[in-house]
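Structure first, then comments.
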Amino acid sequence: MIEQGHIENVTCVANATDRYSFSTPHYYLISLYWSITTMSTIGYGDIYPVTTAEYVYTIVAMVVGVSLYAYTIGNISALIAHFDAHNTLIREKTENLNDFMRRKKLPSNLRRRLRRYFRYSWSKQGLPFNEQMLMSEVSLPELKDEIVTFLHGEVIKKVPFFKGKDANFTASIVSRLVPLRVSDGETIVRRGEVGRDVFFIVRGRVDVIQPGTDTVMMTYPEGSYFGDIAVFVTGMNIATHKAGVGSSVELYSLSKDDFLRVLSEHPMVRF
């Protein structure tokens, strides 16, 4: 049994068709309008199905429209996430770091220093695909040396230690360097600590502090390196080293174990 209201709607549509003489392009425009409003899930309801076949067709059109809409949005989101993968990973690591510091109730000053340290370190390492991962995949020695020389051209040019050294030795050293950034006046190594790293200064200066005072005994300028005596001779740092006041310091550290490993691989190299 057909309801009276439905009959009236059908009659209205029929009367409207009889009243206005639409051109063929206009009918195509109406069809396109209905397709877009249906498949985009807007559906104003001004054009609606009447027969069973029309209902079935409209349902299929809406399902297809919703699926295409979801597929398109999903692909766009994945594309944006792909382009921002590096920053996303850094944000995740920063959130984990903040959560750790909150749980351990670290003081505010220490939290700021840790955030500054890790953000600089992560940005230099080029996460998520960093240099170590890249170098582990390259098996050709010549290609590996060329990559390392290009990536670390700045430190190779600025630090006289690398001048005149064998290219393979230089590549082995710089591929193991860890980037660091120290704020002005901040301590890098303390007197009496075990010597574990050799440091290469790329930017800024490092002051050597006289024991028991704040007097600067000497200053390492940009391009210098220090820590080798503590690593290979005394076994510990004989003086405190701080970043020069008024300028932050960018440097690279090389662990004692890595340095000894490289020297064992290149026994003819002297420094």
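Residues in the structure tokens are named by chain (A, B, ... in the order shown) and by number from 1 within that chain; ligands are numbered from 1 in the order shown.
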
Name the residues in contact with Ile59 of chain A at a cut-off of 10 Å, using only C-alpha atoms, excluding same-chain residues fewer than 6 positions from it; report them as a PDB file with all heavy atoms, in the first residue's frame.
```pdb
ATOM      1  N   THR A  38      25.539  12.970  -3.591  1.00  0.00           N
ATOM      2  CA  THR A  38      25.388  11.617  -3.047  1.00  0.00           C
ATOM      3  C   THR A  38      26.737  11.014  -2.684  1.00  0.00           C
ATOM      4  O   THR A  38      26.931  10.509  -1.570  1.00  0.00           O
ATOM      5  CB  THR A  38      24.663  10.708  -4.053  1.00  0.00           C
ATOM      6  OG1 THR A  38      23.374  11.244  -4.332  1.00  0.00           O
ATOM      7  CG2 THR A  38      24.502   9.305  -3.490  1.00  0.00           C
ATOM      8  N   MET A  39      27.702  11.076  -3.601  1.00  0.00           N
ATOM      9  CA  MET A  39      28.996  10.432  -3.372  1.00  0.00           C
ATOM     10  C   MET A  39      29.850  11.186  -2.369  1.00  0.00           C
ATOM     11  O   MET A  39      30.730  10.608  -1.734  1.00  0.00           O
ATOM     12  CB  MET A  39      29.741  10.293  -4.697  1.00  0.00           C
ATOM     13  CG  MET A  39      29.018   9.400  -5.699  1.00  0.00           C
ATOM     14  SD  MET A  39      29.992   9.010  -7.160  1.00  0.00           S
ATOM     15  CE  MET A  39      31.192   7.879  -6.474  1.00  0.00           C
ATOM     16  N   PRO A  49      15.405   9.064  -4.685  1.00  0.00           N
ATOM     17  CA  PRO A  49      14.906   7.922  -5.457  1.00  0.00           C
ATOM     18  C   PRO A  49      13.404   7.708  -5.234  1.00  0.00           C
ATOM     19  O   PRO A  49      12.856   8.068  -4.185  1.00  0.00           O
ATOM     20  CB  PRO A  49      15.736   6.756  -4.940  1.00  0.00           C
ATOM     21  CG  PRO A  49      16.073   7.139  -3.545  1.00  0.00           C
ATOM     22  CD  PRO A  49      16.276   8.635  -3.581  1.00  0.00           C
ATOM     23  N   ALA A  53      14.513   0.188  -8.026  1.00  0.00           N
ATOM     24  CA  ALA A  53      15.804   0.204  -8.720  1.00  0.00           C
ATOM     25  C   ALA A  53      16.595   1.468  -8.394  1.00  0.00           C
ATOM     26  O   ALA A  53      17.823   1.435  -8.203  1.00  0.00           O
ATOM     27  CB  ALA A  53      15.582   0.098 -10.220  1.00  0.00           C
ATOM     28  N   GLY A  65      30.785   6.163  -2.843  1.00  0.00           N
ATOM     29  CA  GLY A  65      31.231   7.509  -2.511  1.00  0.00           C
ATOM     30  C   GLY A  65      31.949   7.579  -1.178  1.00  0.00           C
ATOM     31  O   GLY A  65      33.007   8.192  -1.056  1.00  0.00           O
TER      32      GLY A  65
END
```

Run DSSP on the backbone and grab whatever in segment 155-199 of chain A lands in alpha helix (DSSP H); send it over as a ChimeraX atom specification.
/A:155-158,167-174

Keeping only all heavy atoms, write the selected residues to a file as a PDB file, in the first residue's frame.
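What follows is the written file again16.pdb:
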```pdb
ATOM      1  N   VAL A 155      83.970  19.281   9.122  1.00  0.00           N
ATOM      2  CA  VAL A 155      84.905  18.939  10.190  1.00  0.00           C
ATOM      3  C   VAL A 155      86.262  18.544   9.618  1.00  0.00           C
ATOM      4  O   VAL A 155      87.315  18.834  10.205  1.00  0.00           O
ATOM      5  CB  VAL A 155      84.332  17.799  11.070  1.00  0.00           C
ATOM      6  CG1 VAL A 155      84.172  16.513  10.293  1.00  0.00           C
ATOM      7  CG2 VAL A 155      85.226  17.552  12.289  1.00  0.00           C
ATOM      8  N   ILE A 156      86.286  17.919   8.441  1.00  0.00           N
ATOM      9  CA  ILE A 156      87.555  17.531   7.831  1.00  0.00           C
ATOM     10  C   ILE A 156      88.358  18.769   7.445  1.00  0.00           C
ATOM     11  O   ILE A 156      89.590  18.816   7.604  1.00  0.00           O
ATOM     12  CB  ILE A 156      87.305  16.631   6.599  1.00  0.00           C
ATOM     13  CG1 ILE A 156      86.709  15.284   7.046  1.00  0.00           C
ATOM     14  CG2 ILE A 156      88.590  16.401   5.829  1.00  0.00           C
ATOM     15  CD1 ILE A 156      86.302  14.394   5.898  1.00  0.00           C
ATOM     16  N   LYS A 157      87.674  19.803   6.944  1.00  0.00           N
ATOM     17  CA  LYS A 157      88.359  21.025   6.533  1.00  0.00           C
ATOM     18  C   LYS A 157      88.817  21.852   7.731  1.00  0.00           C
ATOM     19  O   LYS A 157      89.894  22.466   7.704  1.00  0.00           O
ATOM     20  CB  LYS A 157      87.442  21.870   5.657  1.00  0.00           C
ATOM     21  CG  LYS A 157      87.176  21.269   4.283  1.00  0.00           C
ATOM     22  CD  LYS A 157      86.231  22.148   3.483  1.00  0.00           C
ATOM     23  CE  LYS A 157      85.938  21.547   2.115  1.00  0.00           C
ATOM     24  NZ  LYS A 157      84.986  22.387   1.336  1.00  0.00           N
ATOM     25  N   LYS A 158      88.011  21.893   8.791  1.00  0.00           N
ATOM     26  CA  LYS A 158      88.299  22.792   9.908  1.00  0.00           C
ATOM     27  C   LYS A 158      89.295  22.227  10.909  1.00  0.00           C
ATOM     28  O   LYS A 158      89.961  22.990  11.602  1.00  0.00           O
ATOM     29  CB  LYS A 158      86.994  23.148  10.630  1.00  0.00           C
ATOM     30  CG  LYS A 158      86.109  24.105   9.853  1.00  0.00           C
ATOM     31  CD  LYS A 158      84.950  24.589  10.706  1.00  0.00           C
ATOM     32  CE  LYS A 158      84.160  25.659   9.977  1.00  0.00           C
ATOM     33  NZ  LYS A 158      83.052  26.189  10.796  1.00  0.00           N
ATOM     34  N   ALA A 167      92.888   8.700   3.377  1.00  0.00           N
ATOM     35  CA  ALA A 167      91.446   8.899   3.171  1.00  0.00           C
ATOM     36  C   ALA A 167      90.630   7.816   3.872  1.00  0.00           C
ATOM     37  O   ALA A 167      89.565   8.099   4.436  1.00  0.00           O
ATOM     38  CB  ALA A 167      91.125   8.916   1.682  1.00  0.00           C
ATOM     39  N   ASN A 168      91.108   6.587   3.863  1.00  0.00           N
ATOM     40  CA  ASN A 168      90.377   5.505   4.526  1.00  0.00           C
ATOM     41  C   ASN A 168      90.357   5.703   6.039  1.00  0.00           C
ATOM     42  O   ASN A 168      89.346   5.451   6.697  1.00  0.00           O
ATOM     43  CB  ASN A 168      91.018   4.148   4.199  1.00  0.00           C
ATOM     44  CG  ASN A 168      90.850   3.771   2.749  1.00  0.00           C
ATOM     45  OD1 ASN A 168      89.854   4.113   2.122  1.00  0.00           O
ATOM     46  ND2 ASN A 168      91.845   3.077   2.191  1.00  0.00           N
ATOM     47  N   PHE A 169      91.488   6.177   6.580  1.00  0.00           N
ATOM     48  CA  PHE A 169      91.544   6.453   8.015  1.00  0.00           C
ATOM     49  C   PHE A 169      90.583   7.573   8.384  1.00  0.00           C
ATOM     50  O   PHE A 169      89.827   7.468   9.360  1.00  0.00           O
ATOM     51  CB  PHE A 169      92.976   6.841   8.401  1.00  0.00           C
ATOM     52  CG  PHE A 169      93.107   7.368   9.795  1.00  0.00           C
ATOM     53  CD1 PHE A 169      93.123   6.508  10.882  1.00  0.00           C
ATOM     54  CD2 PHE A 169      93.204   8.741  10.031  1.00  0.00           C
ATOM     55  CE1 PHE A 169      93.242   7.001  12.179  1.00  0.00           C
ATOM     56  CE2 PHE A 169      93.320   9.234  11.313  1.00  0.00           C
ATOM     57  CZ  PHE A 169      93.337   8.347  12.399  1.00  0.00           C
ATOM     58  N   THR A 170      90.587   8.643   7.593  1.00  0.00           N
ATOM     59  CA  THR A 170      89.686   9.766   7.853  1.00  0.00           C
ATOM     60  C   THR A 170      88.232   9.334   7.788  1.00  0.00           C
ATOM     61  O   THR A 170      87.418   9.714   8.636  1.00  0.00           O
ATOM     62  CB  THR A 170      89.935  10.893   6.839  1.00  0.00           C
ATOM     63  OG1 THR A 170      91.293  11.326   6.943  1.00  0.00           O
ATOM     64  CG2 THR A 170      89.010  12.062   7.088  1.00  0.00           C
ATOM     65  N   ALA A 171      87.907   8.530   6.774  1.00  0.00           N
ATOM     66  CA  ALA A 171      86.531   8.055   6.638  1.00  0.00           C
ATOM     67  C   ALA A 171      86.123   7.193   7.826  1.00  0.00           C
ATOM     68  O   ALA A 171      84.996   7.286   8.318  1.00  0.00           O
ATOM     69  CB  ALA A 171      86.376   7.272   5.339  1.00  0.00           C
ATOM     70  N   SER A 172      87.038   6.372   8.301  1.00  0.00           N
ATOM     71  CA  SER A 172      86.735   5.506   9.454  1.00  0.00           C
ATOM     72  C   SER A 172      86.511   6.321  10.716  1.00  0.00           C
ATOM     73  O   SER A 172      85.661   5.985  11.546  1.00  0.00           O
ATOM     74  CB  SER A 172      87.883   4.507   9.668  1.00  0.00           C
ATOM     75  OG  SER A 172      88.033   3.664   8.553  1.00  0.00           O
ATOM     76  N   ILE A 173      87.282   7.412  10.863  1.00  0.00           N
ATOM     77  CA  ILE A 173      87.144   8.259  12.044  1.00  0.00           C
ATOM     78  C   ILE A 173      85.836   9.038  12.017  1.00  0.00           C
ATOM     79  O   ILE A 173      85.021   8.982  12.964  1.00  0.00           O
ATOM     80  CB  ILE A 173      88.328   9.240  12.158  1.00  0.00           C
ATOM     81  CG1 ILE A 173      89.594   8.511  12.584  1.00  0.00           C
ATOM     82  CG2 ILE A 173      88.011  10.348  13.171  1.00  0.00           C
ATOM     83  CD1 ILE A 173      89.611   8.038  14.014  1.00  0.00           C
ATOM     84  N   VAL A 174      85.596   9.781  10.935  1.00  0.00           N
ATOM     85  CA  VAL A 174      84.452  10.696  10.917  1.00  0.00           C
ATOM     86  C   VAL A 174      83.123   9.949  10.890  1.00  0.00           C
ATOM     87  O   VAL A 174      82.098  10.493  11.321  1.00  0.00           O
ATOM     88  CB  VAL A 174      84.537  11.661   9.719  1.00  0.00           C
ATOM     89  CG1 VAL A 174      85.759  12.547   9.821  1.00  0.00           C
ATOM     90  CG2 VAL A 174      84.540  10.898   8.399  1.00  0.00           C
TER      91      VAL A 174
END
```

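Across the model, the gap from atom CA of Lys93 of chain A to atom CA of Asn75 of chain A is 25.1 Å.
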
If you run DSSP on the backbone here, which positions in segment 16-191 of chain A get strand (DSSP E)? Please write them as a PDB file with all heavy atoms, in the first residue's frame.
```pdb
ATOM      1  N   VAL A 178      80.286  11.609  16.984  1.00  0.00           N
ATOM      2  CA  VAL A 178      78.969  11.911  17.558  1.00  0.00           C
ATOM      3  C   VAL A 178      78.856  13.424  17.745  1.00  0.00           C
ATOM      4  O   VAL A 178      79.696  14.027  18.421  1.00  0.00           O
ATOM      5  CB  VAL A 178      78.778  11.206  18.915  1.00  0.00           C
ATOM      6  CG1 VAL A 178      77.425  11.579  19.524  1.00  0.00           C
ATOM      7  CG2 VAL A 178      78.892   9.696  18.761  1.00  0.00           C
ATOM      8  N   PRO A 179      77.845  14.072  17.142  1.00  0.00           N
ATOM      9  CA  PRO A 179      77.730  15.533  17.247  1.00  0.00           C
ATOM     10  C   PRO A 179      77.273  15.973  18.640  1.00  0.00           C
ATOM     11  O   PRO A 179      76.425  15.343  19.264  1.00  0.00           O
ATOM     12  CB  PRO A 179      76.682  15.875  16.188  1.00  0.00           C
ATOM     13  CG  PRO A 179      75.841  14.637  16.080  1.00  0.00           C
ATOM     14  CD  PRO A 179      76.773  13.485  16.307  1.00  0.00           C
ATOM     15  N   LEU A 180      77.833  17.065  19.111  1.00  0.00           N
ATOM     16  CA  LEU A 180      77.475  17.634  20.411  1.00  0.00           C
ATOM     17  C   LEU A 180      77.370  19.148  20.279  1.00  0.00           C
ATOM     18  O   LEU A 180      78.047  19.758  19.459  1.00  0.00           O
ATOM     19  CB  LEU A 180      78.534  17.298  21.471  1.00  0.00           C
ATOM     20  CG  LEU A 180      78.796  15.824  21.784  1.00  0.00           C
ATOM     21  CD1 LEU A 180      80.002  15.696  22.703  1.00  0.00           C
ATOM     22  CD2 LEU A 180      77.577  15.183  22.432  1.00  0.00           C
ATOM     23  N   ARG A 181      76.523  19.708  21.124  1.00  0.00           N
ATOM     24  CA  ARG A 181      76.440  21.165  21.212  1.00  0.00           C
ATOM     25  C   ARG A 181      76.375  21.542  22.683  1.00  0.00           C
ATOM     26  O   ARG A 181      75.527  21.043  23.425  1.00  0.00           O
ATOM     27  CB  ARG A 181      75.212  21.694  20.476  1.00  0.00           C
ATOM     28  CG  ARG A 181      75.152  23.212  20.459  1.00  0.00           C
ATOM     29  CD  ARG A 181      74.054  23.707  19.554  1.00  0.00           C
ATOM     30  NE  ARG A 181      74.070  25.156  19.425  1.00  0.00           N
ATOM     31  CZ  ARG A 181      73.326  25.835  18.576  1.00  0.00           C
ATOM     32  NH1 ARG A 181      72.505  25.195  17.760  1.00  0.00           N
ATOM     33  NH2 ARG A 181      73.393  27.155  18.509  1.00  0.00           N
ATOM     34  N   VAL A 182      77.272  22.447  23.087  1.00  0.00           N
ATOM     35  CA  VAL A 182      77.391  22.819  24.497  1.00  0.00           C
ATOM     36  C   VAL A 182      77.180  24.316  24.631  1.00  0.00           C
ATOM     37  O   VAL A 182      77.778  25.105  23.879  1.00  0.00           O
ATOM     38  CB  VAL A 182      78.772  22.424  25.062  1.00  0.00           C
ATOM     39  CG1 VAL A 182      78.830  22.703  26.561  1.00  0.00           C
ATOM     40  CG2 VAL A 182      79.073  20.958  24.780  1.00  0.00           C
ATOM     41  N   THR A 187      80.166  22.874  31.331  1.00  0.00           N
ATOM     42  CA  THR A 187      81.312  21.971  31.445  1.00  0.00           C
ATOM     43  C   THR A 187      81.205  20.823  30.450  1.00  0.00           C
ATOM     44  O   THR A 187      80.156  20.197  30.303  1.00  0.00           O
ATOM     45  CB  THR A 187      81.403  21.405  32.874  1.00  0.00           C
ATOM     46  OG1 THR A 187      81.558  22.484  33.801  1.00  0.00           O
ATOM     47  CG2 THR A 187      82.578  20.448  33.002  1.00  0.00           C
ATOM     48  N   ILE A 188      82.327  20.544  29.781  1.00  0.00           N
ATOM     49  CA  ILE A 188      82.389  19.424  28.836  1.00  0.00           C
ATOM     50  C   ILE A 188      82.993  18.207  29.516  1.00  0.00           C
ATOM     51  O   ILE A 188      82.425  17.114  29.464  1.00  0.00           O
ATOM     52  CB  ILE A 188      83.213  19.823  27.591  1.00  0.00           C
ATOM     53  CG1 ILE A 188      82.579  21.046  26.923  1.00  0.00           C
ATOM     54  CG2 ILE A 188      83.303  18.650  26.610  1.00  0.00           C
ATOM     55  CD1 ILE A 188      83.419  21.620  25.791  1.00  0.00           C
ATOM     56  N   VAL A 189      84.153  18.374  30.137  1.00  0.00           N
ATOM     57  CA  VAL A 189      84.773  17.316  30.947  1.00  0.00           C
ATOM     58  C   VAL A 189      85.278  17.940  32.239  1.00  0.00           C
ATOM     59  O   VAL A 189      85.643  19.123  32.266  1.00  0.00           O
ATOM     60  CB  VAL A 189      85.936  16.618  30.201  1.00  0.00           C
ATOM     61  CG1 VAL A 189      85.427  15.872  28.982  1.00  0.00           C
ATOM     62  CG2 VAL A 189      87.015  17.617  29.800  1.00  0.00           C
TER      63      VAL A 189
END
```

Excluding Arg203 of chain A and any residue of its chain fewer than 5 positions from it, enumerate the residues within 7 Å of it, using only C-alpha atoms, and give them as a PyMOL selection string.
chain A and resi 222+249-251

Residues as selected, N, CA, C and O atoms, written as a compact mmCIF listing (two decimals), in the first residue's frame, can you do that?
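To be explicit, this is the file written out as part-v7.txt:
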```
# COMPACT_ATOMS: atom_id res chain seq x y z
N GLU A 222 88.59 27.15 17.42
CA GLU A 222 87.88 26.35 16.42
C GLU A 222 88.88 25.57 15.57
O GLU A 222 89.89 26.11 15.11
N VAL A 249 79.33 26.01 21.75
CA VAL A 249 80.36 25.24 21.07
C VAL A 249 79.72 24.05 20.36
O VAL A 249 78.93 23.32 20.96
N GLU A 250 80.07 23.88 19.10
CA GLU A 250 79.68 22.68 18.36
C GLU A 250 80.92 21.84 18.17
O GLU A 250 81.95 22.32 17.67
N LEU A 251 80.83 20.59 18.58
CA LEU A 251 81.98 19.71 18.47
C LEU A 251 81.53 18.28 18.21
O LEU A 251 80.33 17.97 18.25
```

From the options A:Pro221, A:Ala230, A:Trp122, A:Phe199, which residue's atoms come nearest to Asn87 of chain A, counting only C-alpha atoms?
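Looking only at the distances to Asn87 of chain A, the closest residue turns out to be A:Trp122.
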
Spatial neighbours of Ser224 of chain A, max dist 8 Å, only C-alpha atoms, sep filter under 3 positions, as a list in words:
Val159, Pro160, Phe161, Phe200, Ile201, Val202, Tyr220 and Pro221 of chain A

Atomic distance atom CA of Lys104 of chain A - atom CA of Ala85 of chain A, expressed in Å with one decimal:
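Taking atom CA of Lys104 of chain A as the start and atom CA of Ala85 of chain A as the end point, the length is 28.7 Å.
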
Work out how far apart atom CA of Ser40 of chain A and atom CA of Ile73 of chain A are and give it in Å to one decimal.
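We find that atom CA of Ser40 of chain A and atom CA of Ile73 of chain A lie 12.2 Å from each other.
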
Identify, on the basis of only C-alpha atoms, every residue whose closest approach to Gly212 of chain A does not exceed 10 Å; exclude the query and any residue fewer than 5 positions from it along the same chain; express the result as an MDAnalysis selection string.
chainID A and resid 191 239:240
